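As stored in my_file.txt (compact mmCIF, C-alpha atoms):
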```
# COMPACT_ATOMS: atom_id res chain seq x y z
CA MET Q 1 91.51 132.49 87.32
CA LEU Q 2 89.09 131.45 90.06
CA LEU Q 3 90.80 131.05 93.42
CA ARG Q 4 89.15 129.58 96.49
CA PHE Q 5 91.17 129.79 99.67
CA GLU Q 6 90.37 127.89 102.87
CA ARG Q 7 92.07 129.05 106.03
CA PRO Q 8 93.26 126.34 108.39
CA SER Q 9 91.43 125.55 111.59
CA GLY Q 10 93.02 124.58 114.89
CA ARG Q 11 96.38 125.48 116.34
CA ARG Q 12 99.65 124.08 115.06
CA PRO Q 13 102.38 123.03 117.48
CA LEU Q 14 105.45 125.17 116.99
CA GLY Q 15 108.51 123.10 116.22
CA PRO Q 16 112.13 124.20 115.94
CA ASN Q 17 112.94 126.38 112.91
CA PRO Q 18 109.44 126.43 111.41
CA VAL Q 19 109.25 127.20 107.68
CA ASN Q 20 106.38 128.66 105.65
CA VAL Q 21 106.02 126.27 102.70
CA LEU Q 22 103.84 126.52 99.60
CA VAL Q 23 103.27 123.04 98.14
CA MET Q 24 101.99 123.10 94.56
CA THR Q 25 100.51 120.27 92.49
CA ASN Q 26 98.26 120.10 89.43
CA HIS Q 27 95.37 118.45 91.29
CA LEU Q 28 94.58 116.21 94.26
CA ASN Q 29 92.85 113.34 92.48
CA THR Q 30 93.96 109.83 93.44
CA GLY Q 31 97.53 109.10 92.39
CA GLY Q 32 101.01 108.52 93.75
CA ALA Q 33 102.26 112.11 93.43
CA GLU Q 34 99.05 113.46 94.92
CA THR Q 35 99.21 111.06 97.86
CA PHE Q 36 102.81 112.19 98.37
CA VAL Q 37 101.66 115.83 98.54
CA VAL Q 38 98.93 115.11 101.09
CA ARG Q 39 101.19 113.04 103.34
CA LEU Q 40 104.09 115.48 103.19
CA ALA Q 41 101.86 118.51 103.86
CA ASN Q 42 100.24 116.80 106.82
CA GLU Q 43 103.52 115.65 108.32
CA LEU Q 44 105.18 119.03 107.89
CA THR Q 45 102.22 120.65 109.65
CA VAL Q 46 102.43 118.18 112.53
CA ARG Q 47 106.09 119.18 112.89
CA GLY Q 48 105.17 122.83 113.29
CA HIS Q 49 105.62 124.26 109.79
CA HIS Q 50 103.02 126.47 108.13
CA VAL Q 51 101.92 124.72 104.93
CA VAL Q 52 99.75 125.98 102.09
CA VAL Q 53 98.68 123.53 99.37
CA LEU Q 54 97.75 124.96 95.97
CA SER Q 55 95.96 122.61 93.56
CA ALA Q 56 92.89 122.30 91.38
CA GLY Q 57 91.28 120.20 94.12
CA GLY Q 58 90.21 116.57 93.99
CA GLU Q 59 88.99 113.66 96.05
CA LEU Q 60 92.11 113.65 98.25
CA MET Q 61 91.40 117.17 99.57
CA PRO Q 62 89.50 115.87 102.65
CA LYS Q 63 92.62 113.89 103.63
CA LEU Q 64 94.53 117.12 104.32
CA ARG Q 65 94.64 118.01 108.00
CA PRO Q 66 92.33 120.85 109.07
CA ASP Q 67 95.37 122.96 109.97
CA VAL Q 68 96.81 122.75 106.44
CA ALA Q 69 95.84 125.86 104.48
CA ARG Q 70 94.63 125.07 101.00
CA ALA Q 71 93.98 127.16 97.89
CA VAL Q 72 91.97 125.79 94.98
CA ALA Q 73 92.57 127.09 91.47
CA PRO Q 74 93.27 125.61 88.00
CA CYS Q 75 96.96 124.71 88.05
CA ARG Q 76 97.51 122.82 84.79
CA ALA Q 77 97.93 125.97 82.73
CA LYS Q 78 97.23 125.94 79.02
CA GLY Q 79 99.21 128.48 77.03
CA PRO Q 80 101.19 131.52 78.18
CA TRP Q 81 98.18 133.44 79.53
CA GLY Q 82 97.11 130.47 81.63
CA MET Q 83 100.66 130.14 82.98
CA LEU Q 84 100.73 133.83 83.91
CA SER Q 85 97.38 133.46 85.66
CA VAL Q 86 98.74 130.59 87.79
CA ALA Q 87 101.85 132.68 88.47
CA ARG Q 88 99.74 135.57 89.75
CA THR Q 89 97.91 133.21 92.11
CA THR Q 90 101.24 131.81 93.29
CA ARG Q 91 102.64 135.29 93.86
CA ARG Q 92 99.60 136.27 95.91
CA LEU Q 93 99.95 133.22 98.15
CA ILE Q 94 103.70 133.85 98.60
CA GLU Q 95 102.98 137.39 99.74
CA ASP Q 96 99.95 136.64 101.93
CA HIS Q 97 101.64 133.75 103.76
CA ARG Q 98 105.22 135.06 103.77
CA ILE Q 99 106.26 131.87 101.99
CA GLN Q 100 109.93 130.97 102.45
CA VAL Q 101 110.08 127.83 100.26
CA VAL Q 102 108.00 126.77 97.26
CA HIS Q 103 107.74 123.02 96.69
CA ALA Q 104 106.44 122.28 93.18
CA ASN Q 105 105.34 118.81 92.07
CA SER Q 106 105.09 119.15 88.30
CA THR Q 107 106.76 121.10 85.52
CA ASN Q 108 103.62 123.26 85.26
CA THR Q 109 103.75 124.34 88.88
CA ALA Q 110 107.55 124.78 88.82
CA MET Q 111 107.25 127.14 85.85
CA SER Q 112 104.44 129.07 87.53
CA ALA Q 113 106.52 129.47 90.69
CA TRP Q 114 109.50 130.64 88.65
CA LEU Q 115 107.37 133.21 86.82
CA ALA Q 116 105.94 134.38 90.15
CA ARG Q 117 109.37 135.34 91.44
CA ALA Q 118 110.87 136.54 88.13
CA GLY Q 119 112.84 139.73 88.65
CA ALA Q 120 112.66 139.43 92.44
CA ALA Q 121 114.70 137.69 95.10
CA GLY Q 122 111.87 135.31 95.86
CA PRO Q 123 111.81 132.08 97.86
CA PRO Q 124 113.79 129.07 96.66
CA ILE Q 125 111.91 126.58 94.48
CA ILE Q 126 112.20 122.84 95.02
CA SER Q 127 110.69 120.57 92.36
CA SER Q 128 109.82 116.96 93.15
CA ALA Q 129 109.91 114.71 90.08
CA HIS Q 130 107.49 111.81 90.44
CA GLY Q 131 106.35 110.92 87.01
CA VAL Q 132 106.75 108.71 84.05
CA TRP Q 133 107.14 110.59 80.79
CA GLU Q 134 107.17 109.49 77.18
CA PRO Q 135 110.73 109.39 75.81
CA TRP Q 136 110.14 112.36 73.53
CA LYS Q 137 109.10 114.51 76.52
CA LYS Q 138 112.04 113.77 78.79
CA ARG Q 139 114.47 116.38 77.48
CA GLY Q 140 111.86 119.12 77.72
CA VAL Q 141 110.87 118.02 81.23
CA ALA Q 142 114.47 117.91 82.44
CA ARG Q 143 115.27 121.34 81.01
CA ALA Q 144 112.07 122.88 82.39
CA PHE Q 145 112.84 121.56 85.87
CA ASP Q 146 116.45 122.76 85.57
CA LEU Q 147 115.46 126.27 84.48
CA CYS Q 148 112.71 126.81 87.05
CA SER Q 149 114.12 125.09 90.16
CA ASP Q 150 116.87 125.63 92.68
CA ARG Q 151 116.81 121.89 93.43
CA VAL Q 152 115.15 118.99 91.59
CA VAL Q 153 114.38 115.96 93.74
CA GLY Q 154 113.79 112.58 92.10
CA CYS Q 155 111.73 110.05 94.04
CA SER Q 156 114.22 107.36 92.99
CA GLU Q 157 117.87 107.23 91.94
CA GLU Q 158 116.81 105.88 88.55
CA LEU Q 159 114.50 108.84 87.93
CA THR Q 160 117.15 111.35 89.00
CA THR Q 161 119.69 109.71 86.70
CA ASP Q 162 117.21 109.79 83.82
CA LEU Q 163 116.71 113.54 84.31
CA LEU Q 164 120.49 114.07 84.44
CA ASN Q 165 120.86 112.17 81.19
CA HIS Q 166 118.34 114.49 79.56
CA GLY Q 167 119.68 117.86 80.60
CA LEU Q 168 119.30 118.42 84.34
CA ARG Q 169 122.50 119.78 85.84
CA GLN Q 170 124.21 117.71 88.54
CA ALA Q 171 124.42 120.69 90.90
CA LYS Q 172 120.63 120.88 91.05
CA ALA Q 173 119.92 117.13 91.33
CA GLN Q 174 119.08 115.17 94.45
CA THR Q 175 117.22 111.97 95.34
CA ILE Q 176 114.84 111.55 98.26
CA HIS Q 177 113.02 108.25 98.22
CA ASN Q 178 109.27 108.24 98.68
CA GLY Q 179 108.18 107.24 102.15
CA ILE Q 180 105.02 105.89 103.72
CA PRO Q 181 103.49 105.97 107.20
CA LEU Q 182 104.25 102.67 108.85
CA PRO Q 183 101.24 100.51 109.70
CA THR Q 184 100.91 98.94 113.08
CA ASP Q 185 100.73 95.15 113.37
CA THR Q 186 97.99 94.45 110.82
CA GLY Q 187 97.65 90.88 111.99
CA ALA Q 188 96.67 92.09 115.45
CA ILE Q 189 94.21 94.70 114.17
CA PHE Q 190 92.48 92.84 111.35
CA ASP Q 191 90.69 89.52 111.49
CA ARG Q 192 91.80 87.91 108.23
CA GLY Q 193 88.76 85.64 108.03
CA ALA Q 194 86.37 88.52 108.68
CA LEU Q 195 88.13 90.60 106.04
CA ARG Q 196 87.80 87.84 103.48
CA ARG Q 197 84.11 87.42 104.25
CA ALA Q 198 83.51 91.18 103.98
CA LEU Q 199 85.17 91.11 100.55
CA GLY Q 200 83.11 88.12 99.46
CA LEU Q 201 86.23 85.94 99.29
CA PRO Q 202 86.67 82.44 100.71
CA ALA Q 203 88.84 82.39 103.80
CA ASN Q 204 91.06 79.52 102.67
CA ARG Q 205 91.91 80.47 99.08
CA PRO Q 206 95.29 82.05 98.20
CA LEU Q 207 94.85 85.72 97.29
CA ILE Q 208 97.07 87.75 94.97
CA LEU Q 209 96.40 91.48 95.32
CA GLY Q 210 97.13 94.31 92.92
CA VAL Q 211 96.53 97.97 93.82
CA GLY Q 212 96.73 100.79 91.28
CA ARG Q 213 95.01 102.55 88.45
CA LEU Q 214 93.65 100.22 85.79
CA VAL Q 215 95.73 101.75 83.02
CA GLU Q 216 98.33 100.41 80.60
CA GLN Q 217 101.27 101.62 82.69
CA LYS Q 218 100.41 99.38 85.66
CA GLY Q 219 100.62 96.19 83.60
CA PHE Q 220 97.64 94.37 85.09
CA GLY Q 221 96.94 92.92 81.65
CA THR Q 222 100.11 90.84 82.09
CA LEU Q 223 98.75 89.50 85.38
CA ILE Q 224 95.50 88.46 83.69
CA GLU Q 225 97.52 86.76 80.93
CA ALA Q 226 99.59 84.90 83.55
CA LEU Q 227 96.57 83.62 85.44
CA PRO Q 228 95.77 80.52 83.31
CA ARG Q 229 99.28 79.17 84.04
CA VAL Q 230 98.89 79.89 87.74
CA LEU Q 231 95.46 78.24 87.91
CA ALA Q 232 96.80 75.14 86.18
CA VAL Q 233 99.01 74.57 89.24
CA GLN Q 234 97.00 76.36 91.95
CA PRO Q 235 93.33 76.04 90.84
CA ASP Q 236 91.95 77.73 93.95
CA VAL Q 237 93.95 81.01 93.63
CA LEU Q 238 92.15 84.35 93.41
CA VAL Q 239 93.35 87.67 92.00
CA ALA Q 240 91.86 90.91 93.37
CA LEU Q 241 92.50 94.27 91.70
CA ALA Q 242 91.78 97.45 93.66
CA GLY Q 243 91.53 100.56 91.53
CA VAL Q 244 89.65 102.22 88.72
CA GLY Q 245 90.71 103.23 85.24
CA GLU Q 246 90.10 103.14 81.54
CA LEU Q 247 91.05 99.46 81.16
CA ARG Q 248 88.48 98.06 83.59
CA GLU Q 249 86.19 96.69 80.88
CA ALA Q 250 89.05 95.47 78.68
CA LEU Q 251 90.66 93.57 81.58
CA GLY Q 252 87.34 91.95 82.44
CA ALA Q 253 86.76 90.99 78.82
CA ARG Q 254 90.23 89.44 78.53
CA ALA Q 255 89.65 87.42 81.70
CA GLU Q 256 86.44 86.11 80.12
CA GLU Q 257 88.26 85.18 76.90
CA LEU Q 258 90.92 83.28 78.84
CA GLY Q 259 88.33 81.49 80.98
CA VAL Q 260 89.69 82.89 84.24
CA SER Q 261 87.02 85.42 85.16
CA HIS Q 262 85.87 83.18 88.02
CA ALA Q 263 89.27 83.78 89.67
CA VAL Q 264 89.35 87.59 89.28
CA ARG Q 265 87.69 90.19 91.48
CA PHE Q 266 87.58 93.86 90.53
CA LEU Q 267 87.25 95.76 93.81
CA GLY Q 268 86.97 99.29 92.38
CA ARG Q 269 88.18 102.37 94.23
CA ARG Q 270 89.06 101.48 97.82
CA GLU Q 271 89.70 103.54 100.93
CA ASP Q 272 90.69 100.48 102.97
CA VAL Q 273 93.90 99.34 101.30
CA PRO Q 274 95.53 98.34 104.64
CA ARG Q 275 92.62 95.91 105.19
CA LEU Q 276 93.08 94.50 101.69
CA LEU Q 277 96.79 93.99 102.29
CA ALA Q 278 96.06 92.20 105.55
CA ALA Q 279 93.73 89.83 103.68
CA ALA Q 280 96.21 89.03 100.88
CA ASP Q 281 99.04 86.51 100.50
CA ILE Q 282 101.05 88.09 97.65
CA PHE Q 283 101.24 91.58 96.19
CA CYS Q 284 101.71 91.93 92.44
CA LEU Q 285 102.40 95.07 90.41
CA PRO Q 286 103.74 94.17 86.92
CA SER Q 287 104.21 97.79 85.78
CA LEU Q 288 105.61 98.86 82.44
CA ASP Q 289 107.13 102.04 83.91
CA GLU Q 290 107.26 103.67 87.34
CA GLY Q 291 108.84 106.33 89.51
CA LEU Q 292 108.88 104.70 92.95
CA PRO Q 293 105.40 103.26 93.60
CA LEU Q 294 103.94 103.86 97.05
CA ALA Q 295 101.72 100.80 96.61
CA ILE Q 296 104.74 98.48 96.67
CA ALA Q 297 106.16 100.15 99.78
CA GLU Q 298 102.79 99.82 101.53
CA ALA Q 299 102.55 96.13 100.62
CA MET Q 300 106.06 95.46 101.90
CA ALA Q 301 105.33 97.38 105.11
CA ALA Q 302 102.34 95.08 105.59
CA GLY Q 303 104.64 92.06 105.37
CA LEU Q 304 103.66 90.82 101.91
CA PRO Q 305 106.10 89.32 99.40
CA VAL Q 306 106.10 91.29 96.16
CA VAL Q 307 106.24 90.22 92.53
CA ALA Q 308 106.93 93.24 90.35
CA THR Q 309 108.98 94.42 87.38
CA PRO Q 310 112.46 96.01 87.44
CA VAL Q 311 111.28 99.36 86.06
CA GLY Q 312 111.98 102.86 87.35
CA GLY Q 313 112.87 102.88 91.03
CA VAL Q 314 111.28 99.49 91.82
CA PRO Q 315 114.65 97.66 92.15
CA GLU Q 316 115.69 100.26 94.73
CA ILE Q 317 113.04 98.97 97.11
CA VAL Q 318 112.38 95.37 95.98
CA SER Q 319 115.51 93.24 96.38
CA HIS Q 320 115.25 90.37 93.90
CA GLY Q 321 115.18 87.06 95.74
CA GLU Q 322 115.14 88.73 99.17
CA THR Q 323 111.98 90.81 99.53
CA GLY Q 324 110.27 89.52 96.40
CA TRP Q 325 110.80 88.70 92.75
CA LEU Q 326 111.39 90.97 89.76
CA VAL Q 327 110.32 89.75 86.33
CA PRO Q 328 110.54 91.46 82.93
CA PRO Q 329 107.54 93.56 81.87
CA ARG Q 330 104.99 91.99 79.49
CA MET Q 331 106.23 88.46 80.30
CA PRO Q 332 103.21 86.53 81.63
CA ALA Q 333 105.05 83.17 81.66
CA ALA Q 334 107.85 84.56 83.86
CA LEU Q 335 105.31 86.28 86.11
CA ALA Q 336 103.33 83.06 86.50
CA LEU Q 337 106.44 81.09 87.49
CA ARG Q 338 107.28 83.47 90.33
CA LEU Q 339 103.70 83.60 91.60
CA ILE Q 340 103.48 79.79 91.54
CA ALA Q 341 106.77 79.49 93.44
CA LEU Q 342 105.54 81.79 96.22
CA LEU Q 343 102.16 80.07 96.44
CA ALA Q 344 103.89 76.69 96.70
CA ASP Q 345 106.22 77.71 99.53
CA PRO Q 346 104.48 79.78 102.25
CA GLY Q 347 107.67 79.71 104.33
CA VAL Q 348 109.67 81.51 101.67
CA ALA Q 349 106.77 83.91 101.06
CA HIS Q 350 106.62 84.77 104.76
CA ALA Q 351 110.40 85.29 104.99
CA MET Q 352 110.33 87.61 101.98
CA GLY Q 353 107.45 89.55 103.51
CA GLN Q 354 109.31 90.06 106.76
CA ALA Q 355 112.48 91.11 104.93
CA GLY Q 356 110.41 93.57 102.93
CA ARG Q 357 108.94 95.16 106.03
CA GLU Q 358 112.43 95.58 107.50
CA ARG Q 359 113.60 97.24 104.29
CA VAL Q 360 110.76 99.76 104.37
CA VAL Q 361 111.36 100.53 108.05
CA GLU Q 362 115.04 101.16 107.32
CA GLY Q 363 114.73 103.43 104.32
CA PHE Q 364 111.25 104.23 103.06
CA THR Q 365 109.25 105.78 105.89
CA LEU Q 366 107.29 109.02 105.82
CA ASP Q 367 109.25 110.20 108.85
CA ARG Q 368 112.60 109.74 107.09
CA MET Q 369 111.37 111.33 103.86
CA THR Q 370 109.95 114.38 105.66
CA SER Q 371 113.13 114.87 107.68
CA ARG Q 372 115.17 114.93 104.48
CA PHE Q 373 112.88 117.53 102.92
CA GLU Q 374 113.09 119.62 106.10
CA GLY Q 375 116.85 119.48 105.83
CA LEU Q 376 116.69 120.55 102.19
CA TYR Q 377 114.39 123.48 102.98
CA HIS Q 378 116.79 124.76 105.65
CA GLU Q 379 119.82 124.19 103.42
CA LEU Q 380 118.34 126.30 100.63
CA LEU Q 381 117.22 129.01 103.03
CA GLN Q 382 120.74 129.24 104.45
CA THR Q 383 122.31 129.57 101.01
CA ALA Q 384 119.68 131.97 99.62
CA PRO Q 385 120.44 135.71 99.58
CA GLU Q 386 119.80 137.16 103.04
CA GLY Q 387 116.18 138.23 103.42
CA ALA Q 388 115.30 136.99 99.95
CA SER Q 389 111.67 136.09 100.61
CA GLN Q 390 111.04 139.24 102.67
CA ALA Q 391 112.63 141.42 99.99
CA ALA Q 392 110.53 139.78 97.34
CA SER Q 393 107.38 140.33 99.33
CA LEU Q 394 108.13 144.02 99.83
CA ARG Q 395 109.08 144.55 96.19
CA TRP Q 396 105.94 142.85 94.88
CA SER Q 397 103.72 144.65 97.36
CA SER Q 398 105.10 148.03 96.34
CA SER Q 399 104.69 147.29 92.63
CA ALA Q 400 101.21 145.76 92.79
```

Let me see whether you can do it: turn the structure in this file into structure tokens.
Amino acid sequence: MLLRFERPSGRRPLGPNPVNVLVMTNHLNTGGAETFVVRLANELTVRGHHVVVLSAGGELMPKLRPDVARAVAPCRAKGPWGMLSVARTTRRLIEDHRIQVVHANSTNTAMSAWLARAGAAGPPIISSAHGVWEPWKKRGVARAFDLCSDRVVGCSEELTTDLLNHGLRQAKAQTIHNGIPLPTDTGAIFDRGALRRALGLPANRPLILGVGRLVEQKGFGTLIEALPRVLAVQPDVLVALAGVGELREALGARAEELGVSHAVRFLGRREDVPRLLAAADIFCLPSLDEGLPLAIAEAMAAGLPVVATPVGGVPEIVSHGETGWLVPPRMPAALALRLIALLADPGVAHAMGQAGRERVVEGFTLDRMTSRFEGLYHELLQTAPEGASQAASLRWSSSA
């Protein structure tokens, strides 16, 4: 296995009870779990912890702070030899950095961490469960997490319950909701008219925004199917989709077939999502399945009303009728009705947006999420055998 290690630059402030943490993920390409890893690693480092991120790399790597150590190696192991190779890399990082806690973010990385400490009193392993799995995979995923982890953390109560139903033991289960960094007052920072002009959008037309990968799971096909009904009532509405994915051409073709392509803008990959949110009137994510999508939390934090589907952990953040509307997946008529209602009543839309921001501030911030993970790290270190990580390091070093 090829391993490239980059040592951190700059000095880290020393906080109380600093912990050496190895955060593992398959890769750092754009995605919800990968964004979670970057934000958590950065925030832990700001708080004085020593953080190492192990991944196969990706376009999110530059978003890691300079004082976050990072190791680049293939992490999605194929076969037993590949898994052992990842385990050797993990073991080396644990020894070199005196790692006290391993935080895995996939079954692959959890298994590699477990193999790395096999036969030794190594550091506790926390596994964060983010994903959406096919039904036939769920039992295997739950059992793999249970076997290889001291604690399994679901990003939503629904996801944690699903893992429990498929074999995860209650004693190992916990939920910590995903959190986001709170934006400042976007209305004060961004000139809405200037944003619209920069996007090539008229300043006075209602804008429905969707942010996410253009894949089946995100349900943007349902939004395209709903658009003829919306345009029949609100002929000046625009839909903008920010993201890339395998369905880009198919979505464009369907918009052409339905005669609504004039009202759809495909914005591609964007690094300025806060600006897009500030330019929008409604946020829409009609997903078919989810964990707890960061995109919805970010839209609510920006004060936008949300129209989404009651899948995964979405109902835990979107309160139906209070912060937005929840409609069944694959139901374009129901989706259109809720979008039309919000477009017709800006007062209700504004009230929902404000309620949504308050909900995110109360329970879905990066600060709150990081504090809960800090507490979990210290809890596991207190209950681990005394000197476990140091003993493991000595044992491995002597046997290498």

Which residues, written as a list in words, have at least one atom at most 8 Å from stretch 49-60 of chain Q, with only C-alpha atoms counted and residues fewer than 5 positions away on the same chain left out? Arg12, Leu14, Gly15, Pro18, Val19, Asn20, Val21, Leu22, Val23, Met24, Thr25, Asn26, His27, Leu28, Asn29, Thr30, Glu34, Thr35, Val38, Ala41, Leu44, Val68, Ala69, Arg70, Ala71, Val72, Ala73, Pro74 and Cys75 of chain Q

Pairwise distance, atom CA of Q:Ser261 with atom CA of Q:Ile224, equals 9.1 Å

Taken to one decimal, the atom CA of Q:Pro315-atom CA of Q:Ala344 distance is 24.0 Å

What are the closest atom pairs, with distances in Å to one decimal, for all residues of stretch 49-148 of chain Q lying within 10 Å of stretch 169-173 of chain Q? Consider all atoms listed in the file, order rows by chain and residue number, and present the result as a Markdown table.
```
| residue | atom | partner | partner_atom | distance |
| --- | --- | --- | --- | --- |
| Q:Ile126 | CA | Q:Lys172 | CA | 9.5 |
| Q:Ser127 | CA | Q:Ala173 | CA | 9.9 |
| Q:Ala142 | CA | Q:Arg169 | CA | 8.9 |
| Q:Arg143 | CA | Q:Arg169 | CA | 8.8 |
| Q:Phe145 | CA | Q:Lys172 | CA | 9.4 |
| Q:Asp146 | CA | Q:Arg169 | CA | 6.7 |
| Q:Leu147 | CA | Q:Arg169 | CA | 9.7 |
```

Using only C-alpha atoms, which residues sit within 7 Å of Q:Val311 once same-chain residues fewer than 5 positions away are excluded, as a PyMOL selection string? chain Q and resi 288-290

note - atom CA of Q:Ala295 and atom CA of Q:Thr160 are separated by 20.2 Å

Go through Q:Pro181, Q:Gly347, Q:Pro235, Q:Pro329 one by one, measure the shortest atom-to-atom distance of each to Q:Arg39 using only C-alpha atoms, and give the residue with the smallest value.
->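 Smallest distance to Q:Arg39 is found for Q:Pro181.
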
Report, as AutoDock Vina command-line options, the axis-aligned box around all atoms of stretch 327-336 of chain Q present in the file, extended by 8 Å on each side; give centre and edge lengths in Å to one decimal place.
```
--center_x 106.9 --center_y 88.3 --center_z 83.0 --size_x 23.3 --size_y 26.5 --size_z 23.0
```

Point to revise | Distance query 9 Å from (94.6, 87.7, 83.4) using all atoms listed in the file, result as a PyMOL selection string | key: chain Q and resi 220-228+239+251-252+254-256+258+260-261+264+332

For Q:Ala297, which of Q:Ile180, Q:Met83, Q:Leu115, Q:Met61 is the closest residue, counting all atoms listed in the file?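 The closest residue to Q:Ala297 is Q:Ile180.
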
Restricting to all atoms listed in the file, whichever of Q:Gly353, Q:Gly291, Q:Pro286, Q:Gly363 is closest to Q:Ala334 is Q:Pro286

Contacts of Q:Leu343 at 12 Å (all atoms listed in the file; same-chain gap of 2+ positions) as an mmCIF file with C-alpha atoms, keeping the file's coordinate frame:
```
data_model
loop_
_atom_site.group_PDB
_atom_site.id
_atom_site.type_symbol
_atom_site.label_atom_id
_atom_site.label_comp_id
_atom_site.auth_asym_id
_atom_site.auth_seq_id
_atom_site.Cartn_x
_atom_site.Cartn_y
_atom_site.Cartn_z
ATOM 1 C CA ARG Q 205 91.910 80.470 99.080
ATOM 2 C CA PRO Q 206 95.290 82.050 98.200
ATOM 3 C CA LEU Q 207 94.850 85.720 97.290
ATOM 4 C CA ILE Q 208 97.070 87.750 94.970
ATOM 5 C CA VAL Q 230 98.890 79.890 87.740
ATOM 6 C CA LEU Q 231 95.460 78.240 87.910
ATOM 7 C CA VAL Q 233 99.010 74.570 89.240
ATOM 8 C CA GLN Q 234 97.000 76.360 91.950
ATOM 9 C CA PRO Q 235 93.330 76.040 90.840
ATOM 10 C CA ASP Q 236 91.950 77.730 93.950
ATOM 11 C CA VAL Q 237 93.950 81.010 93.630
ATOM 12 C CA LEU Q 238 92.150 84.350 93.410
ATOM 13 C CA ALA Q 280 96.210 89.030 100.880
ATOM 14 C CA ASP Q 281 99.040 86.510 100.500
ATOM 15 C CA ILE Q 282 101.050 88.090 97.650
ATOM 16 C CA PHE Q 283 101.240 91.580 96.190
ATOM 17 C CA PRO Q 305 106.100 89.320 99.400
ATOM 18 C CA VAL Q 306 106.100 91.290 96.160
ATOM 19 C CA VAL Q 307 106.240 90.220 92.530
ATOM 20 C CA ALA Q 336 103.330 83.060 86.500
ATOM 21 C CA LEU Q 337 106.440 81.090 87.490
ATOM 22 C CA ARG Q 338 107.280 83.470 90.330
ATOM 23 C CA LEU Q 339 103.700 83.600 91.600
ATOM 24 C CA ILE Q 340 103.480 79.790 91.540
ATOM 25 C CA ALA Q 341 106.770 79.490 93.440
ATOM 26 C CA ASP Q 345 106.220 77.710 99.530
ATOM 27 C CA PRO Q 346 104.480 79.780 102.250
ATOM 28 C CA GLY Q 347 107.670 79.710 104.330
ATOM 29 C CA VAL Q 348 109.670 81.510 101.670
ATOM 30 C CA ALA Q 349 106.770 83.910 101.060
ATOM 31 C CA HIS Q 350 106.620 84.770 104.760
#
```
